[in-house]
Amino acid sequence: MGTSKVASMHDAVAALVRDGDTVAIEGFTHLISFSAGHEIIRQGRHDLTLARLTPDVIYDQMVAAGVARKIIFSWLGNPGVGGLNAIRRVTEGPSASLELEEYSHFGMVARYTAGAANLPFFPIRSYFETDLPVVNPLIRPIESPYGDGTVYAVPPLKPDVTIVHAQRADANGDTQAWGLLGCQKEAAFAAERVIVVVEELVEEAVIRADPNRTIIPGLIVDAVVVEPWGAHPSYVQGAYDRDNRFYIDWDPISRDPAATDAWLAEWVHGLGGRADYVEKLGAERLAGLRPSAPAPSGSVDYGEYR
Amino acid sequence: MGTSKVASMHDAVAALVRDGDTVAIEGFTHLISFSAGHEIIRQGRHDLTLARLTPDVIYDQMVAAGVARKIIFSWLGNPGVGGLNAIRRVTEGPSASLELEEYSHFGMVARYTAGAANLPFFPIRSYFETDLPVVNPLIRPIESPYGDGTVYAVPPLKPDVTIVHAQRADANGDTQAWGLLGCQKEAAFAAERVIVVVEELVEEAVIRADPNRTIIPGLIVDAVVVEPWGAHPSYVQGAYDRDNRFYIDWDPISRDPAATDAWLAEWVHGLGGRADYVEKLGAERLAGLRPSAPAPSGSVDYGEYR
Amino acid sequence: MTDPAAFTKSEMMIAAAARELAGQRVCFVGVGLPNIAVNLAKRTVAPDLELVYEAGVFGARPARLPLSIGDPTIVSGATAAMSMFELFAFYLQGGLVDVGFLGAAQIDRFGNINTTVIGDYANPSTRLPGSGGACEIAINARQIFVIMRQSKRSFVGKIDFRTSPGNLGGAANAERIRREQGWLGRGPSVVVTDLGIYHFDDDGEMRLDSLHPGATLEAVRDTIGWEPRISPDLAVTPAPTGPELELMRVELDPGGTYIR
Amino acid sequence: MTDPAAFTKSEMMIAAAARELAGQRVCFVGVGLPNIAVNLAKRTVAPDLELVYEAGVFGARPARLPLSIGDPTIVSGATAAMSMFELFAFYLQGGLVDVGFLGAAQIDRFGNINTTVIGDYANPSTRLPGSGGACEIAINARQIFVIMRQSKRSFVGKIDFRTSPGNLGGAANAERIRREQGWLGRGPSVVVTDLGIYHFDDDGEMRLDSLHPGATLEAVRDTIGWEPRISPDLAVTPAPTGPELELMRVELDPGGTYIR
């Protein structure tokens, strides 16, 4: 099937992420493509609208680096630690310069779903008697055509680029993931362009042996980037754990603009890419993030039918 | 967790399927619970509303046996063979006695989805400029609250009972299936009561080793019936093939009311249950339906995190 | 081994339909004749064709001709197997399908299709299967291919029920409505029958562009419920090749369900 | 080994919150304090409790305290891991969640919750995380449990932003609106703080039913922005037991993130 889509992160971002784009790096706590976020910073993209349920440390870094003009989100924090300080600096007080567009988690998931399904809106039973539709006029009531009341609608979200990290893909971009699946599938189908970053490149036969495990078909994928540890400090089910120390350490760094700049200089601008980053983190730190033991899924039989 | 839900098909149907119920035996060509349909006939249920995308031979048999007053569907045929003759007899001509409520496939899937998600309607881009909304007033136009046009809505479908066949479940009812997944998940979540019929009862640990493979949690399951070959003459991915000869043979039988009655007497009323049916089919016929070779999915690693 | 000089009208029809798929990328495979035509195309003119089955499969590689629209052979070795919600919402309605390949019981000159009833809906003389996925395929696939045998009962001046919209009352009418309603589909582009190949002209009406070997314009006119438009450059369809016939007879339809 | 005579206010709060889950079946676990309270309950009063994580997990059996609302330990060994669409649509909105367990930055006497901003929305003095799933949990879970520390800044007469609806302007008002709008949720039923346990009375207002050991009514009044209703049968919360403390200190929160 066609030619390989395997590319370096540099080339994938250079070709597919453009100034002014709406970019979604999705993955709910799991499989967050920090490596793509860093490359976007390194290439100096600007005026991006960044969409993500949980902006997390990666968008805090991207905002600190000046790539964003707006964030579309549903929960803005450093999970388990506190606030996102770089984002707070540009959203609190009279000099706020970063635009925020805010939903709930299900609202964001429903927005991607409407985008993926080419629907003009998606109805959900949420937002009743809250202030969210007051401050976000895109959350609108919609009456059931069956005369049984009103629910709320959210509009489709169609990113220019969606970037997801996964355990494995083949060279066509056929992608499989397990563990938490978040809304990567919906965000990818909703997007104009898709970059998949994987821990491991596998033969097409590995994918085709378990078609129910596929979350994204190569059909909608523009580039496959192979970068082990590309989701660090977030995690990859079965491969490595969340590096909680990183999330905790980010808090004091991000409170201090100078320290933040120094961190970006050292860990992003000062490195060529994820391979350098992995080397700099060091084998010992990485080894400590491996699962305590394997937990195999077991195999099921699809049968051959000739 | 809790006590076992394992029951005989007799007891499951006796306890959970009631006269006048809306019953959905779902499974798109794959995993069709013929065995549950036969038990419903055997117990003489009546005035059922039968919902299914493709009524298939099983609903033809149930209609022939007089259990149904109405069918809700999207494609009414004997797939690859022709019409469903018992259903045609009671729907064509001036003496039609079976009520039909008709959608498209996506309309039916959307109805179950709205039922499962407790939505008052589900919007889809279908039905434009067709006669379906003309003859089915439950298919209604709905305007986008964003001023960008109109789509169609379908109402939720919430069966009293949904019955699905699957490869395996544990005694709690936690159910896993692979291959074609149809809309079993949506139909099960939409239902008030759920019966799961499986080829194999497995330990809870087998399910929990691969949580992404679970399609229905025991939480919504009322009974687990263990009946190998319970989906014959439909098929079970990895276990057995479709018995096409059965579908072809059904055509002349179902054209003749007397032959149909004789078939029901011999293969349904005359048997105690699926074990008798399997024995009557014979080992040779069944052996011919096994896959030509195994096709293992392979195992993935979830990792232990302590 | 296979004599290309002897072939059935069905074999010609299926081979001609398969060839129309050359250059296409993603095809949504309908039940019946489309299924064998698409599977033949995948083995001949369009090896990279991605097969989409409404049962919930993308990138199928059936090792045999699937017995119906759902079959374990379309899953084993496929790229992805998923819920029907995902297939209809994200693949079809999401705009990823280039060709929707349908059969029909009745068709009119503008490619509008009936697969629901013959006669009155409430009191039909024949109850047909209904839409299945055809209604949304016709609206959301970028273009529609149709394969069906010609007869006065099937090629009619007015269809009894519009299950799947084609060019409605003609091209101008259809284009305006599609634009206003935001359809992704541009409507029907090919109809292949047992007698010839039709495309749609600027008025949105079927035009006979190629006549199968052995078929005549009389036979065409005798099996169509309106005066058909004939291309001034009417071609003759190349006969099925030896390899096409071999594939149909030996691999795809050894029982002769479709090709007889 | 663990001295039950010495415990922190946080330990008392978490133990009291966990005990409230006795007899419950399906709990949607919020981020932060709810996470440790629910995990403690699963190991003590409610071993059959089914844990639902918004990240897309049903029937989690975390081998350690999850670091945040998403963590690989909530997946390994779970009953089901799925897309967030499925979790929110079918489990939560579908009505399968008995208890939604939330934290809050501000709460009012009727259990309405703010986790969005302090101050004006457009120009906030503090930007809080926002809804996450809390808004739809409050509407769709059958009942809501809240765990949060008391202070004049958090227990306020009027919240700055209503992220998650509680009993709105009182029980009568809330019941009418829930009925009219078809909510599945019946609203908040328990608030556990570092000082005591509140339930909601017939007016839909918080009522102090139990005071933690060491806490005083003065301390309660000093940390609440309205004159609190006090039960005439005010109880004293039983202190954390040795096993509860052991579980919190050794297994669930050895780093002392929550229990200090």
# chains A, B, ... in the order shown; residues from 1 in each chain; ligands from 1
$ interface_residues --of "chain B" --to "chain A" --cutoff "8 Å" --atoms "only C-alpha atoms" --output "NGL selection string"
:B and (119-125 or 140-142 or 144-146 or 148-149 or 153 or 155 or 178-179 or 206 or 209-212 or 237-239 or 241 or 291-306)
$ residues_around --residues "segment 142-153 of chain D" --least-positions-apart "3" --cutoff "7 Å" --atoms "only C-alpha atoms" --output "count of residues only"
27
$ residues_around --residues "segment 114-117 of chain C" --least-positions-apart "2" --cutoff "7 Å" --atoms "only C-alpha atoms" --output "list in words"
Ala104, Ala105, Gln106, Ile107, Gly119, Tyr121, Pro124, Thr126, Arg127, Leu128, Pro129, Gly130, Ser131, Ile159, Asp160, Phe161, Arg162, Thr163 and Ser164 of chain C
$ residues_around --residues "segment 44-60 of chain C" --least-positions-apart "2" --cutoff "6 Å" --atoms "only C-alpha atoms" --output "list in words"
Met1 of chain A; Ala22, Arg25, Val26, Cys27, Phe28, Val29, Ala41, Lys42, Pro62, Gly70, Ile74, Ala78, Thr79, Ala80, Ala81, Met82, Ser83, Met84 and Leu87 of chain C
$ residues_around --residues "segment 185-194 of chain B" --least-positions-apart "3" --cutoff "9 Å" --atoms "only C-alpha atoms" --output "ChimeraX atom specification"
/B:16-17,23-26,109-118,156-164,181-182,215-216,220-224 /C:83,85 /D:90-91,94
$ select_by_dssp --residues "segment 5-237 of chain A" --states "strand (DSSP E)" --output "count of residues only"
57
$ atom_distance --atom1 "atom CA of Ile259 of chain C" --atom2 "atom CA of Met206 of chain C"
24.8 Å
$ closest_residue --among "A:Thr175, A:Asp19, A:Val225, A:Ala64" --to "Arg89 of chain A" --atoms "only C-alpha atoms"
A:Ala64
$ residues_around --residues "Asn123 of chain C" --least-positions-apart "3" --cutoff "8 Å" --atoms "only C-alpha atoms" --output "ChimeraX atom specification"
/B:92-94,96 /C:119-120
$ write_last_selection --atoms "N, CA and C atoms" --output "PDB file, in the first residue's frame"
ATOM      1  N   GLU B  92     -46.803  -7.898   2.990  1.00  0.00           N
ATOM      2  CA  GLU B  92     -47.217  -7.526   1.645  1.00  0.00           C
ATOM      3  C   GLU B  92     -48.719  -7.765   1.488  1.00  0.00           C
ATOM      4  N   GLY B  93     -49.301  -6.955   0.641  1.00  0.00           N
ATOM      5  CA  GLY B  93     -50.704  -7.175   0.322  1.00  0.00           C
ATOM      6  C   GLY B  93     -51.635  -6.588   1.372  1.00  0.00           C
ATOM      7  N   PRO B  94     -52.943  -6.668   1.085  1.00  0.00           N
ATOM      8  CA  PRO B  94     -53.944  -5.981   1.906  1.00  0.00           C
ATOM      9  C   PRO B  94     -54.094  -6.566   3.305  1.00  0.00           C
ATOM     10  N   ALA B  96     -51.736  -7.397   5.380  1.00  0.00           N
ATOM     11  CA  ALA B  96     -50.502  -7.251   6.156  1.00  0.00           C
ATOM     12  C   ALA B  96     -50.822  -7.066   7.635  1.00  0.00           C
TER      13      ALA B  96
ATOM     14  N   GLY C 119     -44.653  -0.497  -5.701  1.00  0.00           N
ATOM     15  CA  GLY C 119     -46.042  -0.181  -5.388  1.00  0.00           C
ATOM     16  C   GLY C 119     -46.121   0.844  -4.269  1.00  0.00           C
ATOM     17  N   ASP C 120     -47.259   0.863  -3.621  1.00  0.00           N
ATOM     18  CA  ASP C 120     -47.512   1.836  -2.563  1.00  0.00           C
ATOM     19  C   ASP C 120     -46.781   1.413  -1.289  1.00  0.00           C
TER      20      ASP C 120
END
$ residues_around --residues "Leu50 of chain A" --least-positions-apart "5" --cutoff "9 Å" --atoms "only C-alpha atoms" --output "ChimeraX atom specification"
/A:21-25,55,59,68-73,159
$ write_last_selection --atoms "C-alpha atoms" --output "PDB file, in the first residue's frame"
ATOM      1  CA  ASP A  21      -2.998  26.716  12.654  1.00  0.00           C
ATOM      2  CA  THR A  22      -5.344  25.148  15.159  1.00  0.00           C
ATOM      3  CA  VAL A  23      -3.253  22.327  16.603  1.00  0.00           C
ATOM      4  CA  ALA A  24      -4.512  19.502  18.814  1.00  0.00           C
ATOM      5  CA  ILE A  25      -1.901  17.418  20.624  1.00  0.00           C
ATOM      6  CA  PRO A  55      -3.427  21.650  28.345  1.00  0.00           C
ATOM      7  CA  TYR A  59       0.973  23.578  26.486  1.00  0.00           C
ATOM      8  CA  ALA A  68       0.170  30.315  20.995  1.00  0.00           C
ATOM      9  CA  ARG A  69      -2.453  33.026  20.750  1.00  0.00           C
ATOM     10  CA  LYS A  70      -5.373  30.980  22.080  1.00  0.00           C
ATOM     11  CA  ILE A  71      -6.206  27.814  24.022  1.00  0.00           C
ATOM     12  CA  ILE A  72      -9.372  25.723  23.681  1.00  0.00           C
ATOM     13  CA  PHE A  73      -9.708  23.429  26.687  1.00  0.00           C
ATOM     14  CA  PRO A 159      -8.067  21.074  13.962  1.00  0.00           C
TER      15      PRO A 159
END
$ atom_distance --atom1 "atom CA of Trp267 of chain B" --atom2 "atom CA of Ala36 of chain B"
13.4 Å
$ atom_distance --atom1 "atom CA of Leu76 of chain A" --atom2 "atom CA of Leu53 of chain A"
8.1 Å
$ select_by_dssp --residues "segment 51-212 of chain D" --states "alpha helix (DSSP H)" --output "list in words"
Met84, Phe85, Glu86, Ala134, Cys135, Glu136, Ile137, Ala138, Ile139, Asn140, Ala171, Ala172, Asn173, Ala174, Glu175, Arg176, Ile177, Arg178, Arg179, Glu180 and Gln181 of chain D
$ closest_residue --among "C:Ala134, C:Glu86, C:Arg229, C:Gly23" --to "chain D" --atoms "only C-alpha atoms"
C:Glu86
